[in-house]
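J.: My structure file start10.cif, mmCIF, C-alpha atoms, is below:
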```
data_entry
#
loop_
_atom_site.label_atom_id
_atom_site.label_comp_id
_atom_site.auth_asym_id
_atom_site.auth_seq_id
_atom_site.Cartn_x
_atom_site.Cartn_y
_atom_site.Cartn_z
CA ASP A 1 70.02 204.48 35.46
CA ILE A 2 67.21 205.80 33.29
CA GLN A 3 67.78 205.36 29.56
CA MET A 4 66.39 207.91 27.10
CA THR A 5 65.71 206.86 23.53
CA GLN A 6 64.94 209.40 20.81
CA SER A 7 63.48 208.76 17.39
CA PRO A 8 64.24 209.32 14.68
CA SER A 9 68.03 209.72 14.91
CA SER A 10 67.93 212.00 11.87
CA LEU A 11 65.24 213.73 9.93
CA SER A 12 65.11 215.66 6.66
CA ALA A 13 62.45 218.32 6.30
CA SER A 14 61.65 221.52 4.46
CA VAL A 15 60.99 225.06 5.66
CA GLY A 16 57.34 225.26 6.66
CA ASP A 17 57.01 221.56 7.52
CA ARG A 18 55.59 220.30 10.79
CA VAL A 19 57.96 217.88 12.50
CA THR A 20 57.70 215.68 15.57
CA ILE A 21 60.51 214.10 17.56
CA THR A 22 59.79 211.46 20.16
CA CYS A 23 61.60 210.53 23.34
CA ARG A 24 60.98 207.44 25.44
CA ALA A 25 62.22 206.85 28.98
CA SER A 26 63.09 203.39 30.28
CA GLN A 27 60.90 204.03 33.35
CA SER A 28 58.33 206.59 34.38
CA ILE A 29 59.80 210.05 34.89
CA SER A 30 56.51 211.89 35.47
CA ASN A 31 56.97 215.21 33.64
CA TYR A 32 60.70 215.65 34.38
CA LEU A 33 61.60 215.91 30.73
CA ASN A 34 63.45 218.73 28.99
CA TRP A 35 64.24 219.50 25.35
CA TYR A 36 67.31 221.30 23.99
CA GLN A 37 68.42 222.61 20.62
CA HIS A 38 72.12 222.42 19.82
CA LYS A 39 73.92 224.03 16.91
CA PRO A 40 77.59 223.39 16.03
CA GLY A 41 80.01 225.66 17.85
CA LYS A 42 77.37 227.00 20.21
CA ALA A 43 76.11 226.09 23.66
CA PRO A 44 72.86 224.09 23.82
CA ASN A 45 69.64 226.06 24.24
CA LEU A 46 66.78 225.02 26.52
CA LEU A 47 63.50 224.94 24.59
CA ILE A 48 61.03 223.09 26.82
CA TYR A 49 61.17 222.15 30.51
CA SER A 50 58.85 219.99 32.60
CA ALA A 51 57.65 218.28 29.40
CA SER A 52 55.45 221.11 28.16
CA SER A 53 56.58 224.47 29.56
CA LEU A 54 58.05 226.83 26.99
CA GLN A 55 61.31 228.44 28.10
CA SER A 56 61.27 232.24 28.06
CA GLY A 57 62.28 233.65 24.68
CA VAL A 58 61.63 230.45 22.74
CA PRO A 59 59.23 230.80 19.78
CA SER A 60 55.74 229.40 20.24
CA ARG A 61 56.14 227.08 17.24
CA PHE A 62 57.95 224.74 19.66
CA THR A 63 55.63 222.62 21.80
CA GLY A 64 56.24 219.70 24.11
CA SER A 65 53.88 217.06 25.40
CA GLY A 66 53.78 213.77 27.26
CA SER A 67 54.19 212.29 30.69
CA GLY A 68 55.33 209.05 32.24
CA THR A 69 57.55 207.41 29.63
CA ASP A 70 56.54 208.91 26.27
CA PHE A 71 57.20 212.48 25.15
CA THR A 72 57.15 214.51 21.97
CA LEU A 73 58.64 217.75 20.71
CA THR A 74 56.76 219.34 17.83
CA ILE A 75 57.88 222.21 15.63
CA SER A 76 54.77 223.54 13.94
CA SER A 77 56.33 225.30 10.96
CA LEU A 78 60.05 224.85 10.43
CA GLN A 79 62.14 227.96 10.03
CA PRO A 80 65.65 228.07 8.55
CA GLU A 81 67.18 228.66 11.98
CA ASP A 82 65.58 225.47 13.36
CA PHE A 83 67.93 223.11 11.55
CA ALA A 84 70.01 221.72 14.40
CA THR A 85 70.33 218.70 16.68
CA TYR A 86 67.66 218.21 19.35
CA TYR A 87 68.11 216.37 22.63
CA CYS A 88 65.74 215.26 25.33
CA GLN A 89 66.96 214.98 28.93
CA GLN A 90 65.37 213.52 32.03
CA SER A 91 65.77 215.38 35.31
CA TYR A 92 63.82 212.88 37.40
CA SER A 93 66.92 211.37 38.97
CA ALA A 94 70.67 211.45 38.62
CA PRO A 95 72.37 210.68 36.35
CA CYS A 96 70.24 213.12 34.35
CA THR A 97 70.64 211.31 31.07
CA PHE A 98 70.22 212.76 27.60
CA GLY A 99 68.79 211.03 24.57
CA GLN A 100 71.18 210.29 21.73
CA GLY A 101 69.98 213.28 19.73
CA THR A 102 67.92 213.89 16.59
CA ARG A 103 69.67 215.67 13.75
CA LEU A 104 67.23 217.83 11.79
CA GLU A 105 68.49 218.55 8.27
CA ILE A 106 67.26 220.58 5.37
CA LYS A 107 65.61 218.54 2.60
CA GLU B 1 73.47 238.94 32.41
CA VAL B 2 74.20 235.36 33.42
CA GLN B 3 77.73 234.30 32.55
CA LEU B 4 79.50 230.99 33.04
CA VAL B 5 83.17 230.87 32.12
CA GLU B 6 85.02 227.56 32.21
CA SER B 7 88.77 227.13 32.52
CA GLY B 8 91.29 224.42 33.25
CA GLY B 9 91.00 222.29 30.15
CA GLY B 10 94.02 221.05 28.24
CA VAL B 11 95.98 218.04 27.08
CA VAL B 12 96.72 215.35 29.66
CA ARG B 13 98.13 211.83 29.46
CA PRO B 14 95.98 208.78 30.28
CA GLY B 15 95.91 208.27 34.02
CA GLY B 16 96.50 211.96 34.67
CA SER B 17 94.39 214.57 36.44
CA LEU B 18 92.82 217.92 35.66
CA ARG B 19 90.70 220.35 37.63
CA LEU B 20 88.09 222.31 35.76
CA SER B 21 86.75 225.57 37.13
CA CYS B 22 83.68 227.61 36.27
CA ALA B 23 83.34 231.27 37.26
CA ALA B 24 79.71 232.36 37.53
CA SER B 25 78.32 235.88 37.47
CA GLY B 26 75.08 237.72 36.86
CA PHE B 27 72.97 235.69 39.29
CA THR B 28 72.91 234.54 42.91
CA PHE B 29 75.16 231.52 42.42
CA GLY B 30 74.48 230.04 45.85
CA ASP B 31 70.77 229.63 45.07
CA TYR B 32 71.17 227.32 42.07
CA GLY B 33 72.00 223.73 41.34
CA MET B 34 74.88 223.33 38.90
CA SER B 35 76.05 220.64 36.52
CA TRP B 36 78.83 219.60 34.19
CA VAL B 37 77.84 218.28 30.76
CA ARG B 38 80.28 217.07 28.10
CA GLN B 39 80.30 216.37 24.39
CA ALA B 40 82.91 214.08 22.92
CA PRO B 41 83.98 214.73 19.32
CA GLY B 42 81.21 213.68 16.96
CA LYS B 43 79.01 212.45 19.82
CA GLY B 44 75.97 213.68 21.70
CA LEU B 45 75.57 215.43 25.02
CA GLU B 46 76.41 213.51 28.19
CA TRP B 47 75.46 214.66 31.68
CA VAL B 48 78.58 214.20 33.81
CA SER B 49 77.80 215.44 37.29
CA GLY B 50 75.49 217.69 39.30
CA ILE B 51 75.46 219.39 42.69
CA ASN B 52 72.67 221.07 44.61
CA TRP B 53 72.78 224.62 45.94
CA ASN B 54 74.54 223.94 49.26
CA SER B 55 76.70 220.95 48.25
CA GLY B 56 74.40 218.70 50.23
CA THR B 57 73.97 216.24 47.38
CA THR B 58 75.97 215.31 44.32
CA GLY B 59 75.43 212.92 41.43
CA TYR B 60 77.59 211.34 38.74
CA ALA B 61 77.34 209.48 35.48
CA ASP B 62 78.38 205.84 35.79
CA SER B 63 81.19 206.52 33.34
CA VAL B 64 82.92 208.91 35.78
CA LYS B 65 81.80 207.70 39.20
CA GLY B 66 84.76 207.18 41.52
CA ARG B 67 87.09 209.20 39.28
CA PHE B 68 85.49 212.66 39.11
CA THR B 69 84.44 214.91 42.00
CA ILE B 70 82.19 217.94 41.70
CA SER B 71 82.36 220.75 44.23
CA ARG B 72 81.45 224.39 44.60
CA ASP B 73 82.47 227.49 46.54
CA ASN B 74 79.45 229.75 46.92
CA ALA B 75 81.53 232.50 48.49
CA LYS B 76 83.62 232.65 45.31
CA ASN B 77 80.79 231.96 42.84
CA SER B 78 82.71 229.00 41.51
CA LEU B 79 82.05 225.42 40.41
CA PHE B 80 84.74 222.77 40.07
CA LEU B 81 85.26 219.34 38.59
CA GLN B 82 88.25 217.34 39.77
CA MET B 83 89.02 214.69 37.19
CA ASN B 84 91.37 211.85 38.10
CA SER B 85 92.45 208.66 36.33
CA LEU B 86 91.59 210.23 33.00
CA ARG B 87 90.96 208.00 29.99
CA ALA B 88 90.94 208.61 26.26
CA GLU B 89 87.15 208.39 26.32
CA ASP B 90 87.01 211.42 28.64
CA THR B 91 88.19 213.58 25.73
CA ALA B 92 85.40 216.11 25.24
CA LEU B 93 84.23 219.68 25.45
CA TYR B 94 83.09 220.20 29.04
CA TYR B 95 80.26 222.64 29.70
CA CYS B 96 79.46 224.29 33.01
CA ALA B 97 75.68 224.61 33.29
CA ARG B 98 73.14 226.26 35.59
CA GLY B 99 70.19 224.25 36.78
CA GLU B 100 67.06 225.23 38.63
CA LYS B 101 66.97 226.88 42.03
CA TYR B 102 68.24 224.64 44.84
CA ARG B 103 67.92 221.34 42.92
CA ARG B 104 70.67 219.00 41.81
CA ASP B 105 68.58 217.22 39.15
CA SER B 106 66.99 219.77 36.89
CA SER B 107 66.73 221.37 33.48
CA ILE B 108 69.64 223.55 32.38
CA ASP B 109 68.89 227.11 31.34
CA TYR B 110 72.37 228.61 31.00
CA TRP B 111 75.53 227.08 29.63
CA GLY B 112 79.13 228.22 29.37
CA GLN B 113 81.03 228.03 26.10
CA GLY B 114 82.96 224.97 27.25
CA THR B 115 86.55 223.99 27.94
CA LEU B 116 88.26 221.28 25.90
CA VAL B 117 89.85 218.30 27.61
CA THR B 118 92.04 216.04 25.50
CA VAL B 119 93.38 212.81 26.97
CA SER B 120 96.18 211.47 24.80
CA SER B 121 99.62 209.97 25.12
#
```
Rewrite the structure from the file as structure tokens, please.

T.:
Amino acid sequence: DIQMTQSPSSLSASVGDRVTITCRASQSISNYLNWYQHKPGKAPNLLIYSASSLQSGVPSRFTGSGSGTDFTLTISSLQPEDFATYYCQQSYSAPCTFGQGTRLEIK
Amino acid sequence: EVQLVESGGGVVRPGGSLRLSCAASGFTFGDYGMSWVRQAPGKGLEWVSGINWNSGTTGYADSVKGRFTISRDNAKNSLFLQMNSLRAEDTALYYCARGEKYRRDSSIDYWGQGTLVTVSS
């Protein structure tokens, strides 16, 4: 199975900050990498698919990059509604494993 | 509007069984791969199982392989997860999720609100 490792596990930042979350796969997954935002009590929300494609309706301050084994999610200017937990997921092969999550908190 | 509504969760004893269902609407269900994803209390997301559009291929997490079975009925716009030999560590909120067209392994663009499964004696 492909293991997905996110860093950091948690992050404190302020409104307006630029933040980057990284995700590393245990083997090459080409660009089969997706990013989700998850808030308590709500269903997860797809932000980025295929490593760098912005899902419809998602603000352009979210960008994804990478290929092979190393990927990043960048939020260019944090907004209050962005404080949540973020997960990467590989869809290269089943089981389509998620990273352990990155909790983004208000500083 | 895409809607995914899960049902069938509840409290079950260790070793017991449950069958989760997901009623889909607002899209051509038979065209899409579908998955089940769970979140245990205080834990992260875990992909449980996936199925392609015509049931031709399925996949499972190692933690549930041999105990859970995913299936679908395209005529009834429904997805299922048969869960046998349940363990305490299967306690979680189970989400029904829509993948990409035709594919089993894919990103997930729509999620249900989840159904809670509690395994406890």

J.: Hey, list the chain B side of the contact with chain A: 6 Å cut-off, all atoms listed in the file, answer as an NGL selection string.

T.: :B and (44 or 47 or 59-61 or 105-106 or 109 or 113)

J.: What lies within 10 Å of Ala24 in chain B using all atoms listed in the file, ignoring chain neighbours under 6 positions off, as a PyMOL selection string?

T.: chain B and resi 2-6+74+76-79+96-98+112

J.: If the PyMOL selection byres ((chain A and resi 25-31) around 7) is run on the structure shown, which residues does it catch, given as a PyMOL selection string?

T.: chain A and resi 2-5+23-24+32-33+50-51+67-70+92

J.: Evaluate the PyMOL selection byres ((chain A and resi 77) around 8) on the structure here and hand back the selected residues as a PyMOL selection string.

T.: chain A and resi 15-19+61+75-76+78-79

J.: Convert the output of the PyMOL selection byres ((chain B and resi 84) around 10) on the shown file into explicit residues, formatted as a list of chain:residue names.

T.: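 This file gives the following for the PyMOL selection byres ((chain B and resi 84) around 10): B:Pro14, B:Gly15, B:Gly16, B:Ser17, B:Leu18, B:Arg19, B:Val64, B:Gly66, B:Arg67, B:Phe68, B:Thr69, B:Leu81, B:Gln82, B:Met83, B:Ser85, B:Leu86, B:Arg87.
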
J.: Please write the residues from the selection above to a file, keeping C-alpha atoms, as a compact mmCIF listing (two decimals), in the coordinates of the input.

T.:
```
# COMPACT_ATOMS: atom_id res chain seq x y z
CA PRO B 14 95.98 208.78 30.28
CA GLY B 15 95.91 208.27 34.02
CA GLY B 16 96.50 211.96 34.67
CA SER B 17 94.39 214.57 36.44
CA LEU B 18 92.82 217.92 35.66
CA ARG B 19 90.70 220.35 37.63
CA VAL B 64 82.92 208.91 35.78
CA GLY B 66 84.76 207.18 41.52
CA ARG B 67 87.09 209.20 39.28
CA PHE B 68 85.49 212.66 39.11
CA THR B 69 84.44 214.91 42.00
CA LEU B 81 85.26 219.34 38.59
CA GLN B 82 88.25 217.34 39.77
CA MET B 83 89.02 214.69 37.19
CA SER B 85 92.45 208.66 36.33
CA LEU B 86 91.59 210.23 33.00
CA ARG B 87 90.96 208.00 29.99
```

J.: Could you state the separation of CA of Ser71 in chain B and CA of Gly42 in chain B in Å, given to one decimal place?

T.: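 According to the coordinates, CA of Ser71 in chain B and CA of Gly42 in chain B are separated by 28.2 Å.
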
J.: Just the residues within 6 Å of Gly9 in chain B, please, counting only C-alpha atoms, with nothing from its chain fewer than 3 positions along; format it as a ChimeraX atom specification.

T.: /B:115-117

J.: Under the rule that all atoms listed in the file are counted, which of B:Phe80, B:Ser121, B:Asn54, B:Tyr102 is the nearest residue to Trp36 in chain B?

T.: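 So, comparing all the options, the nearest one is B:Phe80.
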
J.: In Å, how far is it from CA of Gly26 in chain B to CA of Leu54 in chain A?

T.: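 Atom-to-atom, CA of Gly26 in chain B and CA of Leu54 in chain A are spaced 22.5 Å apart.
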
J.: Of the residues B:Leu20, B:Ile51, B:Val12, B:Val119, which is the one nearest to Thr91 in chain B, using only C-alpha atoms?

T.: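 Using only C-alpha atoms, Thr91 in chain B sits closest to B:Val119.
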
J.: I'd like the neighbourhood of Thr72 in chain A as a ChimeraX atom specification, where a residue qualifies if any of its atoms comes within 9 Å (using all atoms listed in the file), though same-chain residues fewer than 4 positions away should be ignored.

T.: /A:20-24,51,63-66

J.: Which residues are close to Tyr32 in chain B, i.e. within 8 Å by all atoms listed in the file, leaving aside same-chain residues fewer than 5 positions away? Reply as a PyMOL selection string.

T.: chain B and resi 52-53+98-103

J.: Given 4 Å on each side, where is the centre and what are the edge lengths in Å to one decimal of the axis-aligned box enclosing the listed atoms of range 2-15 of chain A, as JSON?

T.:
```
{"center_x": 64.5, "center_y": 215.2, "center_z": 18.9, "size_x": 15.0, "size_y": 27.7, "size_z": 36.8}
```

J.: When you draw a straight line from CA of Tyr95 in chain B to CA of Arg103 in chain A, how long is it in Å?

T.: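 Separating CA of Tyr95 in chain B from CA of Arg103 in chain A is a distance of 20.4 Å.
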
J.: Which of these, B:Gly114, B:Ala92, B:Ser55, B:Ser120, has the shortest distance to Gly30 in chain B once you count all atoms listed in the file?

T.: B:Ser55

J.: Could you get me a file of range 45-59 of chain B with all heavy atoms, as an mmCIF file, in the first residue's frame, taken from the block above?

T.:
```cif
data_model
loop_
_atom_site.group_PDB
_atom_site.id
_atom_site.type_symbol
_atom_site.label_atom_id
_atom_site.label_comp_id
_atom_site.auth_asym_id
_atom_site.auth_seq_id
_atom_site.Cartn_x
_atom_site.Cartn_y
_atom_site.Cartn_z
ATOM 1 N N LEU B 45 -9.229 10.993 8.291
ATOM 2 C CA LEU B 45 -10.020 10.288 7.291
ATOM 3 C C LEU B 45 -9.329 8.997 6.873
ATOM 4 O O LEU B 45 -8.106 8.959 6.726
ATOM 5 C CB LEU B 45 -10.219 11.173 6.062
ATOM 6 C CG LEU B 45 -10.941 12.490 6.293
ATOM 7 C CD1 LEU B 45 -10.941 13.312 5.005
ATOM 8 C CD2 LEU B 45 -12.362 12.255 6.770
ATOM 9 N N GLU B 46 -10.120 7.957 6.670
ATOM 10 C CA GLU B 46 -9.601 6.674 6.197
ATOM 11 C C GLU B 46 -10.460 6.185 5.039
ATOM 12 O O GLU B 46 -11.665 5.974 5.196
ATOM 13 C CB GLU B 46 -9.599 5.628 7.312
ATOM 14 C CG GLU B 46 -9.043 4.274 6.847
ATOM 15 C CD GLU B 46 -9.125 3.186 7.902
ATOM 16 O OE1 GLU B 46 -9.861 3.336 8.888
ATOM 17 O OE2 GLU B 46 -8.448 2.152 7.721
ATOM 18 N N TRP B 47 -9.843 5.984 3.888
ATOM 19 C CA TRP B 47 -10.534 5.381 2.751
ATOM 20 C C TRP B 47 -10.793 3.926 3.071
ATOM 21 O O TRP B 47 -9.859 3.184 3.412
ATOM 22 C CB TRP B 47 -9.669 5.530 1.507
ATOM 23 C CG TRP B 47 -10.280 5.091 0.218
ATOM 24 C CD1 TRP B 47 -11.020 5.851 -0.645
ATOM 25 C CD2 TRP B 47 -10.191 3.802 -0.385
ATOM 26 N NE1 TRP B 47 -11.383 5.103 -1.743
ATOM 27 C CE2 TRP B 47 -10.879 3.838 -1.605
ATOM 28 C CE3 TRP B 47 -9.578 2.593 -0.015
ATOM 29 C CZ2 TRP B 47 -10.984 2.758 -2.452
ATOM 30 C CZ3 TRP B 47 -9.665 1.507 -0.850
ATOM 31 C CH2 TRP B 47 -10.372 1.589 -2.059
ATOM 32 N N VAL B 48 -12.050 3.494 2.956
ATOM 33 C CA VAL B 48 -12.434 2.143 3.345
ATOM 34 C C VAL B 48 -12.546 1.226 2.136
ATOM 35 O O VAL B 48 -11.998 0.115 2.127
ATOM 36 C CB VAL B 48 -13.768 2.168 4.109
ATOM 37 C CG1 VAL B 48 -14.277 0.753 4.376
ATOM 38 C CG2 VAL B 48 -13.623 2.942 5.416
ATOM 39 N N SER B 49 -13.268 1.688 1.121
ATOM 40 C CA SER B 49 -13.535 0.826 -0.026
ATOM 41 C C SER B 49 -14.003 1.657 -1.210
ATOM 42 O O SER B 49 -14.555 2.745 -1.035
ATOM 43 C CB SER B 49 -14.616 -0.201 0.344
ATOM 44 O OG SER B 49 -14.854 -1.090 -0.719
ATOM 45 N N GLY B 50 -13.783 1.137 -2.422
ATOM 46 C CA GLY B 50 -14.238 1.804 -3.629
ATOM 47 C C GLY B 50 -14.728 0.801 -4.647
ATOM 48 O O GLY B 50 -14.362 -0.384 -4.603
ATOM 49 N N ILE B 51 -15.570 1.281 -5.555
ATOM 50 C CA ILE B 51 -16.133 0.428 -6.609
ATOM 51 C C ILE B 51 -16.249 1.252 -7.879
ATOM 52 O O ILE B 51 -16.588 2.440 -7.826
ATOM 53 C CB ILE B 51 -17.502 -0.140 -6.155
ATOM 54 C CG1 ILE B 51 -18.039 -1.182 -7.132
ATOM 55 C CG2 ILE B 51 -18.520 0.970 -5.924
ATOM 56 C CD1 ILE B 51 -19.240 -1.972 -6.570
ATOM 57 N N ASN B 52 -15.973 0.637 -9.024
ATOM 58 C CA ASN B 52 -16.082 1.398 -10.260
ATOM 59 C C ASN B 52 -17.532 1.425 -10.727
ATOM 60 O O ASN B 52 -18.441 0.879 -10.078
ATOM 61 C CB ASN B 52 -15.137 0.852 -11.325
ATOM 62 C CG ASN B 52 -15.645 -0.410 -11.987
ATOM 63 O OD1 ASN B 52 -16.342 -1.212 -11.352
ATOM 64 N ND2 ASN B 52 -15.300 -0.594 -13.241
ATOM 65 N N TRP B 53 -17.770 2.038 -11.873
ATOM 66 C CA TRP B 53 -19.134 2.354 -12.293
ATOM 67 C C TRP B 53 -20.019 1.129 -12.500
ATOM 68 O O TRP B 53 -21.217 1.157 -12.223
ATOM 69 C CB TRP B 53 -19.095 3.181 -13.584
ATOM 70 C CG TRP B 53 -18.563 2.407 -14.758
ATOM 71 C CD1 TRP B 53 -17.258 2.061 -15.004
ATOM 72 C CD2 TRP B 53 -19.312 1.860 -15.841
ATOM 73 N NE1 TRP B 53 -17.156 1.363 -16.161
ATOM 74 C CE2 TRP B 53 -18.398 1.211 -16.716
ATOM 75 C CE3 TRP B 53 -20.670 1.865 -16.179
ATOM 76 C CZ2 TRP B 53 -18.807 0.571 -17.886
ATOM 77 C CZ3 TRP B 53 -21.073 1.231 -17.341
ATOM 78 C CH2 TRP B 53 -20.145 0.589 -18.181
ATOM 79 N N ASN B 54 -19.441 0.022 -12.977
ATOM 80 C CA ASN B 54 -20.260 -1.155 -13.326
ATOM 81 C C ASN B 54 -19.981 -2.344 -12.431
ATOM 82 O O ASN B 54 -20.287 -3.484 -12.787
ATOM 83 C CB ASN B 54 -20.029 -1.531 -14.784
ATOM 84 C CG ASN B 54 -18.613 -2.041 -15.034
ATOM 85 O OD1 ASN B 54 -17.754 -1.986 -14.154
ATOM 86 N ND2 ASN B 54 -18.372 -2.534 -16.234
ATOM 87 N N SER B 55 -19.406 -2.082 -11.261
ATOM 88 C CA SER B 55 -19.077 -3.142 -10.290
ATOM 89 C C SER B 55 -17.997 -4.094 -10.793
ATOM 90 O O SER B 55 -17.815 -5.166 -10.210
ATOM 91 C CB SER B 55 -20.332 -3.951 -9.905
ATOM 92 O OG SER B 55 -21.355 -3.114 -9.434
ATOM 93 N N GLY B 56 -17.300 -3.697 -11.830
ATOM 94 C CA GLY B 56 -16.280 -4.570 -12.389
ATOM 95 C C GLY B 56 -15.041 -4.694 -11.534
ATOM 96 O O GLY B 56 -14.307 -5.683 -11.629
ATOM 97 N N THR B 57 -14.792 -3.714 -10.692
ATOM 98 C CA THR B 57 -13.612 -3.740 -9.840
ATOM 99 C C THR B 57 -13.911 -3.071 -8.510
ATOM 100 O O THR B 57 -14.605 -2.051 -8.452
ATOM 101 C CB THR B 57 -12.397 -3.096 -10.527
ATOM 102 O OG1 THR B 57 -11.290 -3.105 -9.635
ATOM 103 C CG2 THR B 57 -12.690 -1.671 -10.953
ATOM 104 N N THR B 58 -13.403 -3.681 -7.458
ATOM 105 C CA THR B 58 -13.563 -3.139 -6.115
ATOM 106 C C THR B 58 -12.196 -3.098 -5.432
ATOM 107 O O THR B 58 -11.248 -3.766 -5.847
ATOM 108 C CB THR B 58 -14.521 -4.002 -5.264
ATOM 109 O OG1 THR B 58 -13.990 -5.332 -5.176
ATOM 110 C CG2 THR B 58 -15.917 -4.043 -5.874
ATOM 111 N N GLY B 59 -12.103 -2.285 -4.378
ATOM 112 C CA GLY B 59 -10.870 -2.198 -3.616
ATOM 113 C C GLY B 59 -11.185 -1.958 -2.150
ATOM 114 O O GLY B 59 -12.248 -1.403 -1.817
#
```
